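Trainee: My file is work_17.txt. It has compact mmCIF, C-alpha atoms and all ligand atoms:
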```txt
# COMPACT_ATOMS: atom_id res chain seq x y z
CA GLU A 1 0.00 0.00 0.00
CA GLN A 2 2.80 2.40 0.89
CA ASP A 3 4.51 1.42 -2.35
CA VAL A 4 1.36 2.27 -4.29
CA ALA A 5 1.07 5.64 -2.54
CA ASP A 6 4.73 6.39 -3.28
CA TYR A 7 4.39 5.37 -6.90
CA ARG A 8 1.32 7.59 -7.32
CA ARG A 9 3.21 10.49 -5.73
CA THR A 10 6.09 9.97 -8.16
CA LEU A 11 3.65 10.28 -11.05
CA ALA A 12 1.80 13.24 -9.43
CA ILE A 13 -1.40 11.17 -9.42
CA ARG A 14 -4.21 11.73 -6.96
CA VAL A 15 -7.23 9.44 -6.77
CA SER A 16 -10.54 9.38 -4.99
CA GLY A 17 -13.37 6.88 -4.93
CA PHE A 18 -13.67 3.38 -3.48
CA ASP A 19 -11.65 0.27 -4.41
CA VAL A 20 -9.28 2.12 -6.72
CA PRO A 21 -7.13 -0.31 -8.74
CA LYS A 22 -3.36 0.02 -8.46
CA PRO A 23 -1.60 2.04 -11.14
CA ILE A 24 0.32 -0.02 -13.67
CA LYS A 25 3.96 0.45 -14.65
CA LEU A 26 4.03 -1.07 -18.13
CA PHE A 27 1.55 -1.70 -20.93
CA GLU A 28 2.33 -5.40 -20.35
CA ASP A 29 0.56 -5.08 -16.97
CA CYS A 30 -2.76 -4.47 -18.76
CA GLY A 31 -3.10 -7.97 -20.15
CA PHE A 32 -3.62 -6.67 -23.68
CA ALA A 33 -3.71 -9.27 -26.44
CA ALA A 34 -0.69 -9.51 -28.76
CA PRO A 35 -2.25 -7.56 -31.68
CA LEU A 36 -3.00 -4.61 -29.40
CA MET A 37 0.49 -4.74 -27.88
CA SER A 38 1.95 -4.65 -31.40
CA ALA A 39 -0.22 -1.67 -32.32
CA ILE A 40 1.00 0.15 -29.20
CA ALA A 41 4.62 -0.63 -30.07
CA LYS A 42 4.02 0.49 -33.64
CA GLN A 43 2.89 3.86 -32.28
CA GLY A 44 6.23 4.14 -30.54
CA TYR A 45 4.58 4.14 -27.11
CA GLU A 46 7.21 2.55 -24.89
CA LYS A 47 5.55 3.04 -21.55
CA PRO A 48 2.26 4.47 -20.34
CA THR A 49 2.03 8.15 -19.41
CA PRO A 50 0.96 8.93 -15.81
CA ILE A 51 -2.75 9.31 -16.67
CA GLN A 52 -2.55 6.05 -18.61
CA CYS A 53 -0.82 4.27 -15.69
CA GLN A 54 -3.77 4.98 -13.43
CA ALA A 55 -6.70 5.25 -15.84
CA LEU A 56 -6.04 2.04 -17.82
CA PRO A 57 -6.49 -0.39 -14.89
CA ILE A 58 -9.55 1.54 -13.68
CA VAL A 59 -11.28 1.54 -17.04
CA LEU A 60 -10.28 -2.06 -17.80
CA SER A 61 -11.92 -3.09 -14.52
CA GLY A 62 -15.18 -1.64 -15.84
CA ARG A 63 -15.39 1.36 -13.52
CA ASP A 64 -16.54 4.84 -14.45
CA ILE A 65 -13.80 7.47 -14.38
CA ILE A 66 -13.29 11.20 -14.20
CA GLY A 67 -9.82 11.78 -15.65
CA ILE A 68 -8.25 15.18 -15.22
CA ALA A 69 -4.88 15.86 -16.81
CA LYS A 70 -3.48 18.61 -18.95
CA THR A 71 -3.46 18.65 -22.73
CA GLY A 72 -0.82 16.41 -24.26
CA SER A 73 -0.78 13.93 -21.39
CA GLY A 74 -2.05 10.96 -23.41
CA LYS A 75 -5.71 10.87 -22.44
CA THR A 76 -6.83 9.54 -25.82
CA ALA A 77 -5.08 6.18 -25.51
CA ALA A 78 -6.34 5.98 -21.92
CA PHE A 79 -9.86 5.61 -23.26
CA VAL A 80 -9.25 4.11 -26.71
CA LEU A 81 -7.23 1.06 -25.59
CA PRO A 82 -9.80 -0.17 -23.02
CA MET A 83 -12.53 0.55 -25.56
CA ILE A 84 -10.93 -1.93 -27.98
CA VAL A 85 -10.81 -4.53 -25.19
CA HIS A 86 -14.44 -3.79 -24.28
CA ILE A 87 -15.56 -4.25 -27.88
CA MET A 88 -13.59 -7.47 -28.37
CA ASP A 89 -15.20 -8.81 -25.17
CA GLN A 90 -18.68 -8.60 -26.71
CA PRO A 91 -20.15 -12.01 -27.55
CA GLU A 92 -21.02 -10.97 -31.10
CA LEU A 93 -20.66 -7.89 -33.20
CA GLY A 94 -23.92 -7.02 -34.97
CA LYS A 95 -23.26 -3.74 -36.71
CA GLU A 96 -26.99 -3.07 -37.32
CA GLU A 97 -27.56 -2.36 -33.65
CA GLY A 98 -25.25 0.63 -33.74
CA PRO A 99 -21.91 1.49 -32.14
CA ILE A 100 -20.64 -0.07 -28.92
CA GLY A 101 -18.25 2.79 -28.17
CA VAL A 102 -19.44 6.39 -28.42
CA ILE A 103 -16.92 9.20 -28.04
CA CYS A 104 -18.03 12.83 -27.89
CA ALA A 105 -15.52 15.60 -28.52
CA PRO A 106 -16.21 19.33 -28.67
CA THR A 107 -14.67 20.20 -32.04
CA ARG A 108 -14.25 18.53 -35.39
CA GLU A 109 -10.45 18.77 -35.13
CA LEU A 110 -10.48 16.90 -31.83
CA ALA A 111 -12.99 14.36 -33.11
CA HIS A 112 -10.79 13.77 -36.13
CA GLN A 113 -7.65 13.29 -34.01
CA ILE A 114 -9.46 10.77 -31.81
CA TYR A 115 -10.77 9.03 -34.92
CA LEU A 116 -7.22 8.60 -36.22
CA GLU A 117 -6.00 7.23 -32.88
CA ALA A 118 -8.97 4.85 -32.62
CA LYS A 119 -8.35 3.63 -36.17
CA LYS A 120 -4.73 2.81 -35.42
CA PHE A 121 -5.67 0.59 -32.50
CA SER A 122 -8.67 -0.94 -34.30
CA LYS A 123 -6.61 -1.91 -37.30
CA PRO A 124 -5.56 -5.37 -36.06
CA TYR A 125 -9.23 -6.16 -35.40
CA ASN A 126 -12.37 -6.11 -37.46
CA ILE A 127 -13.55 -2.95 -35.71
CA LYS A 128 -15.07 -0.18 -37.80
CA VAL A 129 -14.63 3.41 -36.63
CA SER A 130 -16.77 6.25 -37.96
CA ALA A 131 -16.34 9.95 -37.36
CA VAL A 132 -19.23 12.41 -37.61
CA TYR A 133 -18.91 16.15 -37.20
CA GLY A 134 -20.05 19.41 -38.71
CA GLY A 135 -18.42 20.89 -41.78
CA ALA A 136 -18.57 17.60 -43.65
CA SER A 137 -21.36 15.99 -45.66
CA LYS A 138 -24.21 14.88 -43.42
CA HIS A 139 -25.51 12.67 -46.21
CA GLU A 140 -22.18 10.83 -46.47
CA GLN A 141 -22.07 10.42 -42.68
CA PHE A 142 -25.66 9.15 -42.72
CA LYS A 143 -24.72 6.50 -45.27
CA GLU A 144 -21.61 5.52 -43.35
CA LEU A 145 -23.48 5.10 -40.07
CA LYS A 146 -26.23 3.14 -41.82
CA ALA A 147 -23.55 0.70 -42.98
CA GLY A 148 -22.68 0.10 -39.30
CA CYS A 149 -19.71 0.61 -37.02
CA GLU A 150 -18.44 -0.38 -33.59
CA ILE A 151 -17.05 3.02 -32.65
CA VAL A 152 -18.42 6.45 -33.42
CA VAL A 153 -16.44 9.60 -32.69
CA ALA A 154 -18.68 12.64 -32.86
CA THR A 155 -19.28 16.25 -32.09
CA PRO A 156 -22.50 16.53 -30.09
CA GLY A 157 -24.63 18.59 -32.50
CA ARG A 158 -23.96 16.40 -35.51
CA LEU A 159 -24.51 13.19 -33.55
CA ILE A 160 -27.91 14.45 -32.40
CA ASP A 161 -28.85 15.39 -35.98
CA LEU A 162 -27.92 11.90 -37.15
CA LEU A 163 -29.79 10.25 -34.27
CA LYS A 164 -32.89 12.25 -35.24
CA MET A 165 -32.45 11.06 -38.83
CA LYS A 166 -32.21 7.50 -37.48
CA ALA A 167 -28.80 7.01 -39.04
CA LEU A 168 -27.85 4.90 -36.04
CA LYS A 169 -29.33 3.17 -33.01
CA MET A 170 -27.87 3.31 -29.53
CA LEU A 171 -29.09 -0.16 -28.51
CA ARG A 172 -25.68 -1.68 -27.89
CA ALA A 173 -23.77 1.45 -26.87
CA THR A 174 -22.21 0.49 -23.55
CA TYR A 175 -19.02 2.56 -23.50
CA LEU A 176 -19.43 6.33 -23.51
CA VAL A 177 -16.59 8.85 -23.47
CA ILE A 178 -17.05 12.56 -22.95
CA ASP A 179 -13.70 14.06 -23.93
CA GLU A 180 -12.60 17.62 -23.18
CA ALA A 181 -15.64 18.12 -20.98
CA ASP A 182 -14.57 21.63 -19.96
CA ARG A 183 -14.49 22.77 -23.57
CA MET A 184 -17.91 21.19 -24.16
CA PHE A 185 -19.24 23.62 -21.58
CA ASP A 186 -17.27 26.58 -22.94
CA LEU A 187 -18.81 25.94 -26.35
CA GLY A 188 -22.31 25.64 -24.93
CA PHE A 189 -22.78 21.92 -25.64
CA GLU A 190 -24.09 20.92 -22.22
CA PRO A 191 -27.68 20.38 -23.45
CA GLN A 192 -26.50 18.31 -26.41
CA VAL A 193 -24.24 16.19 -24.22
CA ARG A 194 -27.09 15.57 -21.80
CA SER A 195 -29.38 14.62 -24.67
CA ILE A 196 -26.87 12.07 -25.98
CA VAL A 197 -26.25 10.62 -22.53
CA GLY A 198 -30.02 10.26 -22.11
CA GLN A 199 -30.19 8.10 -25.24
CA ILE A 200 -27.62 5.57 -24.02
CA ARG A 201 -28.52 2.70 -21.72
CA PRO A 202 -27.90 3.51 -18.05
CA ASP A 203 -25.85 0.35 -17.45
CA ARG A 204 -23.13 1.72 -19.74
CA GLN A 205 -19.58 2.45 -18.64
CA THR A 206 -19.01 6.20 -18.69
CA LEU A 207 -15.68 8.03 -18.92
CA LEU A 208 -15.26 11.77 -18.64
CA PHE A 209 -11.98 13.50 -19.40
CA SER A 210 -11.08 17.12 -18.97
CA ALA A 211 -8.05 19.36 -18.67
CA THR A 212 -9.71 21.46 -15.95
CA MET A 213 -12.55 20.74 -13.57
CA PRO A 214 -14.87 23.72 -13.12
CA TYR A 215 -17.91 23.22 -10.91
CA LYS A 216 -20.31 22.76 -13.83
CA VAL A 217 -18.28 19.87 -15.19
CA GLU A 218 -18.05 18.34 -11.73
CA ARG A 219 -21.84 18.54 -11.44
CA LEU A 220 -22.40 16.91 -14.83
CA ALA A 221 -19.96 14.15 -13.91
CA ARG A 222 -21.81 13.46 -10.65
CA GLU A 223 -25.04 13.14 -12.61
CA ILE A 224 -23.99 10.91 -15.47
CA LEU A 225 -21.34 8.67 -13.89
CA THR A 226 -21.91 5.78 -11.49
CA ASP A 227 -19.54 5.42 -8.52
CA PRO A 228 -16.75 7.07 -10.50
CA ILE A 229 -13.11 7.04 -9.59
CA ARG A 230 -11.54 10.41 -9.95
CA VAL A 231 -7.95 10.63 -11.17
CA THR A 232 -6.01 13.87 -11.27
CA VAL A 233 -2.52 14.21 -12.66
CA GLY A 234 -0.45 17.23 -11.73
CA GLU A 235 -1.90 20.56 -10.73
CA VAL A 236 -5.26 21.20 -12.31
CA GLY A 237 -7.24 24.40 -12.50
CA MET A 238 -10.90 24.92 -11.80
P1 LIG B 1 -4.38 14.61 -24.46
O1 LIG B 1 -5.67 14.03 -24.99
O2 LIG B 1 -4.17 14.34 -23.03
O3 LIG B 1 -4.23 16.06 -24.80
P2 LIG B 1 -3.16 12.94 -26.48
O4 LIG B 1 -3.90 11.69 -26.21
O5 LIG B 1 -3.61 13.74 -27.65
O6 LIG B 1 -3.18 13.87 -25.18
O7 LIG B 1 -1.63 12.58 -26.58
C1 LIG B 1 -0.64 13.58 -26.80
C2 LIG B 1 0.50 12.99 -27.62
O8 LIG B 1 1.19 11.99 -26.87
C3 LIG B 1 0.03 12.32 -28.89
O9 LIG B 1 0.91 12.65 -29.93
C4 LIG B 1 0.14 10.84 -28.57
O10 LIG B 1 0.35 10.06 -29.71
C5 LIG B 1 1.29 10.80 -27.61
N1 LIG B 1 1.25 9.67 -26.65
C6 LIG B 1 0.17 9.19 -25.99
N2 LIG B 1 0.50 8.20 -25.18
C7 LIG B 1 1.82 8.00 -25.30
C8 LIG B 1 2.77 7.10 -24.69
N3 LIG B 1 2.39 6.20 -23.80
N4 LIG B 1 4.06 7.21 -25.06
C9 LIG B 1 4.45 8.14 -25.96
N5 LIG B 1 3.62 9.01 -26.57
C10 LIG B 1 2.32 8.97 -26.23
MG MG B 2 -7.37 14.87 -25.75
```
Would you give me this structure, written as structure tokens?
Ligand code: ADP
Ligand code: MG
Mentor:
Amino acid sequence: EQDVADYRRTLAIRVSGFDVPKPIKLFEDCGFAAPLMSAIAKQGYEKPTPIQCQALPIVLSGRDIIGIAKTGSGKTAAFVLPMIVHIMDQPELGKEEGPIGVICAPTRELAHQIYLEAKKFSKPYNIKVSAVYGGASKHEQFKELKAGCEIVVATPGRLIDLLKMKALKMLRATYLVIDEADRMFDLGFEPQVRSIVGQIRPDRQTLLFSATMPYKVERLAREILTDPIRVTVGEVGM
């Protein structure tokens, strides 16, 4: 226990919540299958970043998480890698029922970056990733979603439009990520985020990541997460 506390201190990690899993030291500690380990190596990721060290075992254990760490700290892989494991754990993949993993990001640039990262780690598997955001053809995105996918990366407004158009169902969505939650609020997307959350089954696993944790984000997290573990890396602003 003292070792764990010391290790967390070394990484500037603080945690709260019950039964918090121990932080890992190496990607090997995650029990990832060989294809995923190769994809990680191919990315040139030698060892997990501090947020990854603590978030990966939490998310892999199925718990909800509030992850707070500054930009550039590797939050994307912290939710994409366990998402691949979660999807591969499903008994069967029926694309008609809609995505299993749903990732919401506040801007199209961020959604696109996440899409690229998710694609890299999906490549060894038969996992289809779709990205939907404004500024690109809604008709094309409609067709793509109709064809089915396991992961959708979306900006909130466009995802709601496509849900209204019945481009996708949320029946099997069980892994929801709200990325850059603070910017979601800055851009006025709180109602859209709440609407999306309301369309996903309550027994989902929910992950919320943010660079800062203002009160409004904290309040949203309390409402949409179940028994979350909160992980903070470094000094974080409100
Ligand atoms: P954040 O979402 O926290 O801003 P990103 O997930 O975008 O950060 O990661 C920032 C950069 O770090 C990206 O270029 C990413 O490829 C890289 N990166 C992520 N994890 C690792 C790792 N374990 N080792 C080396 N580089 C990493
Ligand atoms: Mg990010």
Trainee: (3.8, 4.3, -19.7) in this file's frame - what residues fall within 10 Å of it? Use only C-alpha atoms and give the answer as a list in words.
Mentor: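 Every residue inside that radius is included here: Ile24, Lys25, Leu26, Phe27, Glu28, Tyr45, Glu46, Lys47, Pro48, Thr49, Pro50, Ile51, Gln52, Cys53, Gln54 and Gly74 of chain A.
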Trainee: Output C-alpha atoms for every residue in that selection, as a PDB file, in the frame of the given file.
Mentor:
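Written out: part.pdb:
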```pdb
ATOM      1  CA  ILE A  24       0.320  -0.020 -13.670  1.00  0.00           C
ATOM      2  CA  LYS A  25       3.960   0.450 -14.650  1.00  0.00           C
ATOM      3  CA  LEU A  26       4.030  -1.070 -18.130  1.00  0.00           C
ATOM      4  CA  PHE A  27       1.550  -1.700 -20.930  1.00  0.00           C
ATOM      5  CA  GLU A  28       2.330  -5.400 -20.350  1.00  0.00           C
ATOM      6  CA  TYR A  45       4.580   4.140 -27.110  1.00  0.00           C
ATOM      7  CA  GLU A  46       7.210   2.550 -24.890  1.00  0.00           C
ATOM      8  CA  LYS A  47       5.550   3.040 -21.550  1.00  0.00           C
ATOM      9  CA  PRO A  48       2.260   4.470 -20.340  1.00  0.00           C
ATOM     10  CA  THR A  49       2.030   8.150 -19.410  1.00  0.00           C
ATOM     11  CA  PRO A  50       0.960   8.930 -15.810  1.00  0.00           C
ATOM     12  CA  ILE A  51      -2.750   9.310 -16.670  1.00  0.00           C
ATOM     13  CA  GLN A  52      -2.550   6.050 -18.610  1.00  0.00           C
ATOM     14  CA  CYS A  53      -0.820   4.270 -15.690  1.00  0.00           C
ATOM     15  CA  GLN A  54      -3.770   4.980 -13.430  1.00  0.00           C
ATOM     16  CA  GLY A  74      -2.050  10.960 -23.410  1.00  0.00           C
TER      17      GLY A  74
END
```
Trainee: Do you have the CA of Ala12 (chain A)-CA of Ser38 (chain A) distance handy?
Mentor: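 Between CA of Ala12 (chain A) and CA of Ser38 (chain A) the gap is 28.3 Å.
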Trainee: Around ligand LIG 1 (chain B), at most 12 Å away and counting only C-alpha atoms and all ligand atoms, which residues are there? Put them as a PyMOL selection string, please.
Mentor: chain A and resi 25-27+37+39-53+55-56+67-81+105+109-118+120-121+178-181+208-212+232-233
Trainee: So that I can see what lies close to Ile66 (chain A), please list as a list in words the residues with an atom at most 7 Å from it, counting only C-alpha atoms and leaving out residues fewer than 3 positions away in the same chain.
Mentor: Leu207, Leu208, Phe209, Pro228, Ile229, Arg230 and Val231 of chain A
Trainee: Interatomic distance between CA of Ile224 (chain A) and CA of Gln192 (chain A)?
Mentor: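 Distance between the two atoms: 13.4 Å.
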Trainee: Tell me which of A:Cys149, A:Ala33, A:Tyr133, A:Val20 sits closest to Val4 (chain A), counting all atoms listed in the file.
Mentor: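 Answer, going by the shortest atom-to-atom distance: A:Val20.
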Trainee: Mind checking which residues fall within 7 Å of region 213-218 of chain A, counting all atoms listed in the file, ignoring those fewer than 4 positions away in the same chain, and posting them as a PDB file with C-alpha atoms, in the coordinates of the input?
Mentor:
```pdb
ATOM      1  CA  ALA A 181     -15.640  18.120 -20.980  1.00  0.00           C
ATOM      2  CA  ASP A 182     -14.570  21.630 -19.960  1.00  0.00           C
ATOM      3  CA  ARG A 222     -21.810  13.460 -10.650  1.00  0.00           C
ATOM      4  CA  GLY A 237      -7.240  24.400 -12.500  1.00  0.00           C
ATOM      5  CA  MET A 238     -10.900  24.920 -11.800  1.00  0.00           C
TER       6      MET A 238
END
```
Trainee: To one decimal place in Å, what is the distance between CA of Pro82 (chain A) and CA of Leu60 (chain A)?
Mentor: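 Computed distance, CA of Pro82 (chain A) to CA of Leu60 (chain A), equals 5.6 Å.
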Trainee: Hey, which of A:Cys104, A:Lys123, A:Val85, A:Arg158 ends up closest to ligand MG 2 (chain B)? Count only C-alpha atoms and all ligand atoms.
Mentor: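 Result for the nearest residue to ligand MG 2 (chain B): A:Cys104.
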Trainee: Do you know which residues are at most 12 Å from Leu159 (chain A) counting all atoms listed in the file, after dropping those on the same chain fewer than 6 positions away, and could you put them as a tab-separated table (two decimals) with C-alpha atoms, in the frame of the given file?
Mentor:
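The result, written out as around-v4.tsv:
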```
chain	number	residue	atom	x	y	z
A	102	VAL	CA	-19.44	6.39	-28.42
A	103	ILE	CA	-16.92	9.20	-28.04
A	104	CYS	CA	-18.03	12.83	-27.89
A	105	ALA	CA	-15.52	15.60	-28.52
A	106	PRO	CA	-16.21	19.33	-28.67
A	108	ARG	CA	-14.25	18.53	-35.39
A	111	ALA	CA	-12.99	14.36	-33.11
A	130	SER	CA	-16.77	6.25	-37.96
A	131	ALA	CA	-16.34	9.95	-37.36
A	132	VAL	CA	-19.23	12.41	-37.61
A	133	TYR	CA	-18.91	16.15	-37.20
A	134	GLY	CA	-20.05	19.41	-38.71
A	138	LYS	CA	-24.21	14.88	-43.42
A	141	GLN	CA	-22.07	10.42	-42.68
A	142	PHE	CA	-25.66	9.15	-42.72
A	145	LEU	CA	-23.48	5.10	-40.07
A	152	VAL	CA	-18.42	6.45	-33.42
A	153	VAL	CA	-16.44	9.60	-32.69
A	165	MET	CA	-32.45	11.06	-38.83
A	166	LYS	CA	-32.21	7.50	-37.48
A	167	ALA	CA	-28.80	7.01	-39.04
A	168	LEU	CA	-27.85	4.90	-36.04
A	169	LYS	CA	-29.33	3.17	-33.01
A	170	MET	CA	-27.87	3.31	-29.53
A	189	PHE	CA	-22.78	21.92	-25.64
A	192	GLN	CA	-26.50	18.31	-26.41
A	193	VAL	CA	-24.24	16.19	-24.22
A	195	SER	CA	-29.38	14.62	-24.67
A	196	ILE	CA	-26.87	12.07	-25.98
A	197	VAL	CA	-26.25	10.62	-22.53
A	199	GLN	CA	-30.19	8.10	-25.24
```
Trainee: Using only C-alpha atoms and all ligand atoms for the distances, tell me which of A:Glu92, A:Thr10, A:Ile100, A:Arg183 is nearest to ligand MG 2 (chain B).
Mentor: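 Looking only at the distances to ligand MG 2 (chain B), the closest residue turns out to be A:Arg183.
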Trainee: Of the candidates A:Val177, A:Ile200, A:Leu36, A:Ala136, which one gets nearest to ligand MG 2 (chain B) if we count all atoms listed in the file?
Mentor: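 Under the stated criterion, the closest residue is A:Val177.
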